[in-house]
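Chemist: This is the content of structure23.cif (mmCIF, C-alpha atoms and all ligand atoms):
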```cif
data_upload
#
loop_
_atom_site.label_atom_id
_atom_site.label_comp_id
_atom_site.auth_asym_id
_atom_site.auth_seq_id
_atom_site.Cartn_x
_atom_site.Cartn_y
_atom_site.Cartn_z
CA MET A 2 -6.74 -25.85 16.15
CA SER A 3 -8.55 -27.50 13.27
CA SER A 4 -6.70 -29.54 10.68
CA ALA A 5 -5.39 -28.17 7.42
CA TYR A 6 -8.19 -30.08 5.68
CA GLU A 7 -10.86 -28.39 7.82
CA GLN A 8 -9.27 -24.98 7.33
CA LEU A 9 -9.16 -25.48 3.58
CA LEU A 10 -12.77 -26.63 3.54
CA ALA A 11 -13.95 -23.69 5.70
CA ALA A 12 -12.03 -21.20 3.57
CA THR A 13 -13.43 -22.69 0.37
CA ILE A 14 -17.02 -22.63 1.62
CA SER A 15 -16.67 -19.03 2.79
CA HIS A 16 -15.13 -18.04 -0.53
CA LEU A 17 -17.97 -19.68 -2.45
CA GLU A 18 -20.55 -17.95 -0.27
CA ASP A 19 -18.90 -14.59 -0.97
CA LEU A 20 -18.93 -15.25 -4.69
CA LYS A 21 -22.59 -16.30 -4.56
CA ALA A 22 -23.52 -13.22 -2.54
CA GLY A 23 -21.79 -11.15 -5.22
CA GLY A 24 -23.95 -12.71 -7.92
CA ALA A 25 -21.43 -15.20 -9.34
CA ARG A 26 -22.94 -18.09 -11.30
CA PHE A 27 -19.72 -19.93 -12.13
CA VAL A 28 -16.60 -20.54 -10.11
CA GLN A 29 -13.01 -21.33 -10.88
CA VAL A 30 -12.64 -25.01 -10.07
CA ASP A 31 -9.57 -27.11 -10.35
CA PRO A 32 -10.44 -30.83 -10.55
CA GLY A 33 -7.48 -31.68 -8.29
CA LEU A 34 -8.75 -29.33 -5.60
CA LEU A 35 -12.25 -30.79 -5.88
CA ALA A 36 -10.86 -34.29 -5.46
CA ARG A 37 -8.96 -33.24 -2.34
CA LEU A 38 -12.01 -31.59 -0.83
CA SER A 39 -14.33 -34.51 -1.55
CA ALA A 40 -12.20 -37.00 0.37
CA ALA A 41 -11.46 -36.38 4.04
CA PRO A 42 -7.75 -36.89 4.67
CA THR A 43 -6.48 -39.96 6.45
CA LYS A 44 -3.43 -38.13 7.75
CA GLN A 45 -3.51 -34.74 9.45
CA ALA A 46 -1.41 -32.14 7.67
CA ALA A 47 0.45 -29.32 9.43
CA PRO A 48 -2.09 -26.57 10.21
CA SER A 49 0.20 -23.78 9.13
CA SER A 50 0.69 -25.19 5.66
CA PRO A 51 -2.64 -25.28 3.89
CA ALA A 52 -2.49 -27.11 0.60
CA PRO A 53 -1.54 -24.71 -2.19
CA VAL A 54 -4.13 -23.94 -4.79
CA PRO A 55 -3.05 -24.78 -8.32
CA ALA A 56 -2.09 -21.59 -10.09
CA LYS A 57 -3.72 -22.45 -13.37
CA ALA A 58 -7.34 -22.91 -12.39
CA ASN A 59 -9.59 -23.05 -15.42
CA MET A 60 -13.04 -21.58 -15.82
CA LEU A 61 -14.50 -25.05 -16.20
CA ALA A 62 -17.43 -26.88 -14.84
CA PRO A 63 -15.73 -29.69 -12.89
CA ASP A 64 -16.25 -32.54 -15.36
CA SER A 65 -16.54 -30.61 -18.54
CA ALA A 66 -13.93 -30.94 -21.24
CA ALA A 67 -15.02 -27.81 -23.06
CA PRO A 68 -14.09 -24.45 -21.58
CA ALA A 69 -17.06 -22.47 -20.31
CA PRO A 70 -17.23 -18.75 -21.00
CA ALA A 71 -15.50 -16.70 -18.33
CA PRO A 72 -17.99 -15.02 -15.99
CA PRO A 73 -17.84 -11.27 -15.67
CA ARG A 74 -15.71 -10.29 -12.69
CA PRO A 75 -15.93 -6.88 -11.08
CA ALA A 76 -12.80 -4.81 -11.73
CA VAL A 77 -12.45 -4.10 -8.00
CA ALA A 78 -13.82 -6.45 -5.38
CA ALA A 79 -15.23 -4.81 -2.28
CA PRO A 80 -13.97 -6.29 0.98
CA SER A 81 -16.03 -9.42 1.56
CA ALA A 82 -19.02 -8.57 3.74
CA ALA A 83 -19.43 -12.19 4.80
CA LEU A 84 -15.82 -12.51 5.92
CA LEU A 85 -16.00 -9.16 7.69
CA ARG A 86 -19.11 -10.26 9.57
CA GLU A 87 -17.37 -13.45 10.59
CA LEU A 88 -14.11 -11.88 11.72
CA LEU A 89 -14.76 -8.39 13.09
CA VAL A 90 -15.02 -7.97 16.83
CA ASP A 91 -17.83 -5.61 17.73
CA PRO A 92 -16.54 -2.44 19.42
CA SER A 93 -19.10 -2.89 22.20
CA VAL A 94 -17.59 -6.24 23.22
CA GLU A 95 -15.42 -6.04 26.30
CA LEU A 96 -12.02 -7.44 25.45
CA THR A 97 -10.08 -8.94 28.33
CA PRO A 98 -6.47 -9.82 27.49
CA GLU A 99 -7.48 -13.49 27.24
CA ARG A 100 -10.41 -12.73 24.97
CA LYS A 101 -8.14 -10.63 22.77
CA GLU A 102 -5.70 -13.52 22.41
CA ALA A 103 -8.53 -15.91 21.57
CA GLU A 104 -10.07 -13.57 19.00
CA MET A 105 -6.72 -12.93 17.33
CA ALA A 106 -5.95 -16.66 17.24
CA ARG A 107 -9.30 -17.22 15.49
CA ILE A 108 -8.56 -14.53 12.89
CA ARG A 109 -5.04 -15.84 12.39
CA GLU A 110 -6.22 -19.38 11.82
CA ARG A 111 -8.65 -18.14 9.21
CA ALA A 112 -6.02 -16.02 7.45
CA LEU A 113 -3.49 -18.85 7.36
CA ALA A 114 -5.97 -20.98 5.45
CA CYS A 115 -7.04 -18.24 3.06
CA ILE A 116 -7.17 -19.11 -0.64
CA LYS A 117 -9.14 -16.10 -1.83
CA CYS A 118 -6.37 -15.04 -4.21
CA PRO A 119 -5.48 -18.35 -5.90
CA ASN A 120 -2.32 -16.92 -7.48
CA LEU A 121 -0.98 -15.76 -4.11
CA ALA A 122 -2.10 -18.89 -2.25
CA SER A 123 -0.19 -21.05 -4.69
CA SER A 124 2.98 -18.94 -4.79
CA ARG A 125 3.40 -18.02 -1.12
CA ARG A 126 5.58 -19.86 1.34
CA ASN A 127 3.78 -18.41 4.30
CA VAL A 128 0.89 -16.20 5.17
CA VAL A 129 2.55 -13.26 6.95
CA PHE A 130 -0.07 -12.41 9.52
CA GLY A 131 1.52 -9.93 11.94
CA VAL A 132 4.03 -9.65 14.74
CA GLY A 133 4.42 -7.94 18.11
CA THR A 134 1.98 -7.60 20.93
CA ILE A 135 -1.75 -7.26 20.48
CA HIS A 136 -1.87 -5.46 23.83
CA THR A 137 -0.53 -2.22 22.42
CA GLU A 138 -1.66 1.27 21.56
CA LEU A 139 0.45 1.52 18.43
CA MET A 140 0.16 -0.34 15.13
CA PHE A 141 2.45 -0.02 12.13
CA ILE A 142 0.91 -1.09 8.84
CA GLY A 143 2.92 -1.70 5.68
CA GLU A 144 2.16 -2.80 2.18
CA ALA A 145 2.87 -6.49 1.70
CA PRO A 146 5.49 -9.08 2.58
CA GLY A 147 8.60 -9.29 0.44
CA MET A 148 10.77 -12.35 -0.12
CA ASP A 149 12.39 -12.29 3.33
CA GLU A 150 9.07 -11.84 5.08
CA ASP A 151 7.50 -14.64 3.02
CA GLU A 152 10.37 -16.95 4.00
CA GLN A 153 10.33 -16.06 7.70
CA ALA A 154 6.56 -15.62 8.08
CA GLU A 155 7.15 -12.26 9.79
CA PRO A 156 6.51 -8.71 8.54
CA PHE A 157 9.35 -6.25 8.08
CA VAL A 158 12.38 -8.46 8.59
CA GLY A 159 14.29 -7.51 5.41
CA LYS A 160 16.38 -4.36 4.93
CA ALA A 161 13.39 -2.01 5.11
CA GLY A 162 12.19 -3.93 8.15
CA GLN A 163 15.51 -3.49 9.90
CA LEU A 164 15.22 0.24 9.38
CA LEU A 165 11.67 0.19 10.74
CA THR A 166 12.98 -1.65 13.80
CA LYS A 167 15.58 1.11 14.30
CA ILE A 168 12.90 3.80 14.01
CA ILE A 169 10.78 2.00 16.61
CA GLN A 170 13.79 1.69 18.92
CA THR A 171 14.64 5.37 18.47
CA MET A 172 11.13 6.10 19.72
CA GLY A 173 12.11 4.30 22.92
CA LEU A 174 10.07 1.21 22.02
CA ASP A 175 10.75 -2.25 20.70
CA ARG A 176 9.18 -4.45 18.05
CA ASP A 177 7.56 -6.54 20.75
CA ARG A 178 5.85 -3.50 22.31
CA VAL A 179 3.98 -2.57 19.11
CA TYR A 180 2.09 -4.55 16.48
CA ILE A 181 3.31 -4.71 12.89
CA ALA A 182 1.18 -5.96 10.02
CA ASN A 183 0.63 -5.45 6.32
CA VAL A 184 -2.39 -4.63 4.20
CA LEU A 185 -1.71 -7.78 2.18
CA LYS A 186 -0.84 -10.94 4.08
CA CYS A 187 0.72 -12.81 1.15
CA ARG A 188 3.73 -11.86 -0.91
CA PRO A 189 2.56 -10.49 -4.27
CA ASP A 190 3.54 -13.13 -6.80
CA THR A 191 6.11 -12.34 -9.48
CA PRO A 192 5.86 -15.30 -11.85
CA GLY A 193 9.23 -16.40 -13.14
CA GLN A 194 11.12 -14.23 -10.65
CA ARG A 195 12.22 -15.36 -7.22
CA THR A 196 13.41 -12.02 -5.97
CA GLY A 197 11.18 -9.40 -7.59
CA ASN A 198 8.59 -7.29 -5.86
CA ARG A 199 5.38 -5.80 -7.14
CA LYS A 200 2.72 -3.54 -5.70
CA PRO A 201 -0.41 -5.37 -4.56
CA THR A 202 -3.41 -4.79 -6.81
CA VAL A 203 -6.44 -2.94 -5.47
CA ASP A 204 -8.38 -6.16 -5.86
CA GLU A 205 -5.86 -8.10 -3.74
CA MET A 206 -5.84 -5.41 -1.06
CA ASN A 207 -9.62 -5.36 -0.86
CA THR A 208 -9.81 -9.12 -0.74
CA CYS A 209 -7.34 -9.23 2.15
CA LYS A 210 -8.68 -6.21 3.99
CA PRO A 211 -11.10 -8.07 6.29
CA TYR A 212 -8.13 -9.70 8.03
CA LEU A 213 -6.50 -6.34 8.70
CA LEU A 214 -9.77 -4.75 9.81
CA ALA A 215 -10.32 -7.69 12.13
CA GLN A 216 -6.80 -7.33 13.57
CA ILE A 217 -7.51 -3.66 14.23
CA SER A 218 -10.86 -4.53 15.81
CA VAL A 219 -9.07 -6.76 18.32
CA ILE A 220 -6.05 -4.57 19.04
CA ARG A 221 -8.05 -1.33 19.25
CA PRO A 222 -4.95 0.82 18.77
CA LYS A 223 -4.87 4.48 19.79
CA VAL A 224 -2.68 5.32 16.80
CA ILE A 225 -1.99 3.67 13.45
CA VAL A 226 1.09 4.50 11.38
CA ALA A 227 0.62 3.78 7.68
CA LEU A 228 3.95 3.12 6.00
CA GLY A 229 4.01 4.38 2.45
CA ALA A 230 1.57 5.26 -0.29
CA THR A 231 0.29 1.73 -0.86
CA ALA A 232 -0.54 1.19 2.81
CA VAL A 233 -2.40 4.52 2.82
CA GLU A 234 -4.26 3.51 -0.32
CA GLY A 235 -5.13 0.11 1.14
CA LEU A 236 -6.36 1.62 4.39
CA LEU A 237 -8.00 4.86 3.29
CA GLY A 238 -8.66 4.10 -0.36
CA ARG A 239 -6.86 7.35 -1.10
CA THR A 240 -4.32 7.63 -3.87
CA MET A 241 -3.31 11.22 -3.08
CA GLY A 242 0.49 11.43 -3.12
CA ILE A 243 2.25 10.34 0.05
CA MET A 244 4.44 13.46 -0.23
CA LYS A 245 1.35 15.56 0.45
CA LEU A 246 -0.31 13.24 2.93
CA ARG A 247 2.61 12.38 5.19
CA GLY A 248 2.73 14.22 8.46
CA ASN A 249 -0.99 15.02 8.36
CA TRP A 250 -3.25 13.13 10.73
CA GLN A 251 -6.00 11.15 9.02
CA ASP A 252 -8.99 9.38 10.49
CA PHE A 253 -9.35 5.64 10.14
CA ASN A 254 -12.75 4.63 11.53
CA GLY A 255 -12.17 6.89 14.52
CA VAL A 256 -8.51 5.96 15.01
CA PRO A 257 -5.90 8.68 14.33
CA LEU A 258 -3.75 7.51 11.44
CA MET A 259 -0.36 9.02 10.61
CA PRO A 260 0.79 8.48 7.03
CA THR A 261 4.55 8.47 6.63
CA TYR A 262 7.13 7.34 4.12
CA HIS A 263 7.84 3.65 3.73
CA PRO A 264 11.26 2.76 5.20
CA ALA A 265 12.25 1.40 1.77
CA TYR A 266 11.98 4.98 0.50
CA LEU A 267 14.44 6.11 3.18
CA LEU A 268 16.85 3.39 2.08
CA ARG A 269 16.71 4.77 -1.45
CA ASN A 270 16.88 8.40 -0.34
CA GLN A 271 19.28 8.74 2.56
CA SER A 272 19.13 12.53 2.90
CA LEU A 273 18.92 13.98 6.39
CA ALA A 274 15.93 16.07 5.34
CA GLU A 275 13.84 13.00 4.38
CA LYS A 276 14.85 11.16 7.56
CA ARG A 277 13.82 14.20 9.58
CA LYS A 278 10.36 14.19 7.95
CA VAL A 279 9.73 10.62 9.04
CA TRP A 280 11.15 11.38 12.44
CA GLU A 281 8.82 14.38 12.84
CA ASP A 282 5.92 12.07 12.01
CA MET A 283 7.11 9.72 14.76
CA LEU A 284 7.44 12.61 17.22
CA ALA A 285 3.82 13.52 16.44
CA VAL A 286 2.83 9.89 17.11
CA MET A 287 4.72 9.89 20.41
CA GLU A 288 3.03 13.13 21.43
CA LYS A 289 -0.41 11.73 20.54
CA LEU A 290 0.30 8.69 22.72
CA GLY A 291 1.60 10.83 25.60
CA MET A 292 5.02 9.18 25.43
CA PRO A 293 7.97 10.94 27.04
CA ILE A 294 10.19 12.72 24.52
CA SER A 295 13.71 13.78 25.45
CA GLU A 296 15.45 16.87 24.10
CA LYS A 297 17.90 14.54 22.41
CA GLN A 298 15.04 12.76 20.64
CA ARG A 299 13.53 16.06 19.55
CA GLY A 300 16.81 17.00 17.89
CA PHE A 301 17.42 13.85 15.84
CA PHE A 302 18.07 14.34 12.10
CA LEU A 303 17.76 18.12 12.31
CA VAL A 304 19.17 19.75 9.21
CA LYS A 305 21.59 22.40 10.49
N1 LIG A 401 7.57 -3.89 3.05
C1 LIG A 401 6.32 -3.93 3.55
O1 LIG A 401 5.50 -3.06 3.24
N2 LIG A 401 6.02 -4.89 4.40
C2 LIG A 401 6.87 -5.84 4.79
O2 LIG A 401 6.52 -6.69 5.59
C3 LIG A 401 8.17 -5.79 4.27
C4 LIG A 401 8.51 -4.81 3.41
#
```
Please go through the file and, once you have read it, give me the structure as structure tokens.
Ligand code: URA
Modeler:
Amino acid sequence: MSSAYEQLLAATISHLEDLKAGGARFVQVDPGLLARLSAAPTKQAAPSSPAPVPAKANMLAPDSAAPAPAPPRPAVAAPSAALLRELLVDPSVELTPERKEAEMARIRERALACIKCPNLASSRRNVVFGVGTIHTELMFIGEAPGMDEDEQAEPFVGKAGQLLTKIIQTMGLDRDRVYIANVLKCRPDTPGQRTGNRKPTVDEMNTCKPYLLAQISVIRPKVIVALGATAVEGLLGRTMGIMKLRGNWQDFNGVPLMPTYHPAYLLRNQSLAEKRKVWEDMLAVMEKLGMPISEKQRGFFLVK
């Protein structure tokens, strides 16, 4: 694995290329970051802890004392074509288990060094890449890491995550037999608050999307479960209410996608009827995958 310095340099170059391809003439440059990049390190830093990007980057030419005018920035960034080209595995490529592991390791390394959202790169503790097995037919995709996930570098480990784990177990599976990831790999920052949560912006989701698309291109799941409205929006670009969408199969680049409620919603609304809806979505997923379903499983959370 390359050093943190090399990862930071590669991520910076790729980011600059994306900006240039998008027509940018000026970039946000922090003099401290420039100084770090212009001098190769004498000591190798831990690869999983890329140097944070200062939160308050100014729109300045590097040596200029006077602020330059802010360049126009598109309201919504499209997923970076350059990053997609670099990361996506072509569907025609034969993926042996070893090749899958190697491809995913490459994508992971790239994501761990990502600084495309300077605010998130400087506030995160960890990039929360994904967990489980990449040799699976089933992927669960959530919104973004919360505080617990950021601390433990693993998706869905907080209260909502524990409920997701129970749902997976009730399906007769385990967390290590599926793959769990988020649309956004960094915890959305909440300046001044340690515990707060916020919804990822469309811009952040689009910026991060190449990593998720690349993960999907390696795993090649037979079914994707999108957990909650934000995950559906991040994946399908659709803001139609989750109440209407859930339980109805969608198509994600040829992969059947089941939208369902986010487990955090079930924690807020503990009614049997809402639990049953999510469970029916999971039964549909199990049927699609040809998994055995017992009579007992079919009857869970039935409102009598
Ligand atoms: N909620 C999410 O959407 N993802 C997590 O990883 C944790 C909570």
Chemist: If you take all atoms listed in the file and a cut-off of 6 Å, which residues of chain A touch ligand LIG 401 (chain A), and what are their nearest atom pairs and distances in Å to one decimal, in chain and number order, as a Markdown table?
Modeler:
```
| residue | atom | partner | partner_atom | distance |
| --- | --- | --- | --- | --- |
| A:Gly143 | CA | A:LIG401 | O1 | 3.8 |
| A:Glu144 | CA | A:LIG401 | O1 | 3.5 |
| A:Ala145 | CA | A:LIG401 | N2 | 4.4 |
| A:Pro146 | CA | A:LIG401 | O2 | 4.0 |
| A:Gly147 | CA | A:LIG401 | C3 | 5.2 |
| A:Glu150 | CA | A:LIG401 | O2 | 5.8 |
| A:Pro156 | CA | A:LIG401 | O2 | 3.6 |
| A:Phe157 | CA | A:LIG401 | O2 | 3.8 |
| A:Ala161 | CA | A:LIG401 | C4 | 5.9 |
| A:Gly162 | CA | A:LIG401 | C3 | 5.9 |
| A:Asn183 | CA | A:LIG401 | N2 | 5.7 |
```
Chemist: Take every atom of region 142-146 of chain A listed in the file, fit an axis-aligned box around them, add 5 Å per side, and give the centre and edge lengths in Å to one decimal as lines of an AutoDock Vina configuration file.
Modeler:
```
center_x = 3.2
center_y = -5.1
center_z = 5.3
size_x = 14.6
size_y = 18.0
size_z = 17.1
```
Chemist: From the list A:Gly238, A:Pro98, A:Pro189, A:Pro211, which residue is nearest Leu85 (chain A) when using only C-alpha atoms?
Modeler: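 For Leu85 (chain A), the nearest of the candidates is A:Pro211.
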Chemist: Could you state the separation of CA of Leu237 (chain A) and CA of Ser81 (chain A) in Å, given to one decimal place?
Modeler: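 Taking CA of Leu237 (chain A) as the start and CA of Ser81 (chain A) as the end point, the length is 16.5 Å.
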Chemist: Considering all atoms listed in the file, state which residue in the set A:Glu155, A:Glu138, A:Glu275, A:Asp252 is at the smallest distance from Met292 (chain A).
Modeler: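 Among A:Glu155, A:Glu138, A:Glu275, A:Asp252, it is A:Glu138 that comes nearest to Met292 (chain A).
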Chemist: Could I get region 131-142 of chain A rebuilt with all heavy atoms, written as a JSON list (two decimals), in the coordinates of the input?
Modeler:
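To be explicit, this is the file written out as part.json:
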```json
[["chain", "number", "residue", "atom", "x", "y", "z"],
["A", 131, "GLY", "N", 1.22, -11.13, 11.14],
["A", 131, "GLY", "CA", 1.52, -9.93, 11.94],
["A", 131, "GLY", "C", 2.44, -10.33, 13.07],
["A", 131, "GLY", "O", 2.59, -11.52, 13.37],
["A", 132, "VAL", "N", 3.08, -9.34, 13.68],
["A", 132, "VAL", "CA", 4.03, -9.65, 14.74],
["A", 132, "VAL", "C", 4.00, -8.56, 15.81],
["A", 132, "VAL", "O", 3.63, -7.43, 15.53],
["A", 132, "VAL", "CB", 5.47, -9.79, 14.16],
["A", 132, "VAL", "CG1", 6.06, -8.45, 13.74],
["A", 132, "VAL", "CG2", 6.41, -10.49, 15.13],
["A", 133, "GLY", "N", 4.39, -8.92, 17.01],
["A", 133, "GLY", "CA", 4.42, -7.94, 18.11],
["A", 133, "GLY", "C", 3.38, -8.32, 19.14],
["A", 133, "GLY", "O", 2.96, -9.48, 19.21],
["A", 134, "THR", "N", 3.00, -7.33, 19.91],
["A", 134, "THR", "CA", 1.98, -7.60, 20.93],
["A", 134, "THR", "C", 0.63, -7.04, 20.49],
["A", 134, "THR", "O", 0.57, -5.94, 19.92],
["A", 134, "THR", "CB", 2.38, -7.01, 22.30],
["A", 134, "THR", "OG1", 1.28, -7.22, 23.20],
["A", 134, "THR", "CG2", 2.67, -5.52, 22.24],
["A", 135, "ILE", "N", -0.41, -7.78, 20.80],
["A", 135, "ILE", "CA", -1.75, -7.26, 20.48],
["A", 135, "ILE", "C", -2.27, -6.38, 21.62],
["A", 135, "ILE", "O", -3.31, -5.77, 21.49],
["A", 135, "ILE", "CB", -2.74, -8.41, 20.17],
["A", 135, "ILE", "CG1", -2.95, -9.33, 21.36],
["A", 135, "ILE", "CG2", -2.27, -9.19, 18.95],
["A", 135, "ILE", "CD1", -4.06, -10.36, 21.14],
["A", 136, "HIS", "N", -1.48, -6.32, 22.71],
["A", 136, "HIS", "CA", -1.87, -5.46, 23.83],
["A", 136, "HIS", "C", -1.07, -4.16, 23.73],
["A", 136, "HIS", "O", -0.21, -3.88, 24.56],
["A", 136, "HIS", "CB", -1.62, -6.18, 25.16],
["A", 136, "HIS", "CG", -2.16, -7.58, 25.16],
["A", 136, "HIS", "ND1", -3.50, -7.86, 25.25],
["A", 136, "HIS", "CD2", -1.54, -8.78, 25.02],
["A", 136, "HIS", "CE1", -3.69, -9.16, 25.19],
["A", 136, "HIS", "NE2", -2.52, -9.74, 25.05],
["A", 137, "THR", "N", -1.31, -3.43, 22.69],
["A", 137, "THR", "CA", -0.53, -2.22, 22.42],
["A", 137, "THR", "C", -1.44, -1.10, 21.96],
["A", 137, "THR", "O", -2.57, -1.34, 21.52],
["A", 137, "THR", "CB", 0.53, -2.50, 21.32],
["A", 137, "THR", "OG1", 1.33, -1.32, 21.12],
["A", 137, "THR", "CG2", -0.11, -2.87, 19.98],
["A", 138, "GLU", "N", -0.89, 0.12, 22.04],
["A", 138, "GLU", "CA", -1.66, 1.27, 21.56],
["A", 138, "GLU", "C", -1.23, 1.67, 20.16],
["A", 138, "GLU", "O", -1.83, 2.55, 19.56],
["A", 138, "GLU", "CB", -1.43, 2.46, 22.51],
["A", 138, "GLU", "CG", -1.90, 2.20, 23.92],
["A", 138, "GLU", "CD", -1.80, 3.44, 24.80],
["A", 138, "GLU", "OE1", -0.96, 4.31, 24.51],
["A", 138, "GLU", "OE2", -2.58, 3.52, 25.76],
["A", 139, "LEU", "N", -0.16, 1.05, 19.68],
["A", 139, "LEU", "CA", 0.45, 1.52, 18.43],
["A", 139, "LEU", "C", 0.61, 0.40, 17.41],
["A", 139, "LEU", "O", 1.24, -0.63, 17.68],
["A", 139, "LEU", "CB", 1.82, 2.14, 18.76],
["A", 139, "LEU", "CG", 2.63, 2.71, 17.61],
["A", 139, "LEU", "CD1", 1.85, 3.75, 16.82],
["A", 139, "LEU", "CD2", 3.95, 3.29, 18.12],
["A", 140, "MET", "N", 0.04, 0.63, 16.23],
["A", 140, "MET", "CA", 0.16, -0.34, 15.13],
["A", 140, "MET", "C", 0.88, 0.30, 13.96],
["A", 140, "MET", "O", 0.57, 1.43, 13.59],
["A", 140, "MET", "CB", -1.24, -0.72, 14.63],
["A", 140, "MET", "CG", -1.81, -1.97, 15.24],
["A", 140, "MET", "SD", -3.39, -2.36, 14.47],
["A", 140, "MET", "CE", -2.89, -3.57, 13.25],
["A", 141, "PHE", "N", 1.81, -0.42, 13.38],
["A", 141, "PHE", "CA", 2.45, -0.02, 12.13],
["A", 141, "PHE", "C", 1.90, -0.91, 11.02],
["A", 141, "PHE", "O", 1.88, -2.15, 11.19],
["A", 141, "PHE", "CB", 3.97, -0.19, 12.20],
["A", 141, "PHE", "CG", 4.64, 0.80, 13.11],
["A", 141, "PHE", "CD1", 4.75, 0.58, 14.47],
["A", 141, "PHE", "CD2", 5.17, 1.97, 12.58],
["A", 141, "PHE", "CE1", 5.37, 1.49, 15.31],
["A", 141, "PHE", "CE2", 5.80, 2.90, 13.40],
["A", 141, "PHE", "CZ", 5.89, 2.67, 14.76],
["A", 142, "ILE", "N", 1.48, -0.29, 9.93],
["A", 142, "ILE", "CA", 0.91, -1.09, 8.84],
["A", 142, "ILE", "C", 1.64, -0.79, 7.54],
["A", 142, "ILE", "O", 1.72, 0.37, 7.10],
["A", 142, "ILE", "CB", -0.61, -0.83, 8.71],
["A", 142, "ILE", "CG1", -1.30, -1.22, 10.02],
["A", 142, "ILE", "CG2", -1.18, -1.63, 7.53],
["A", 142, "ILE", "CD1", -2.77, -0.96, 10.07]]
```
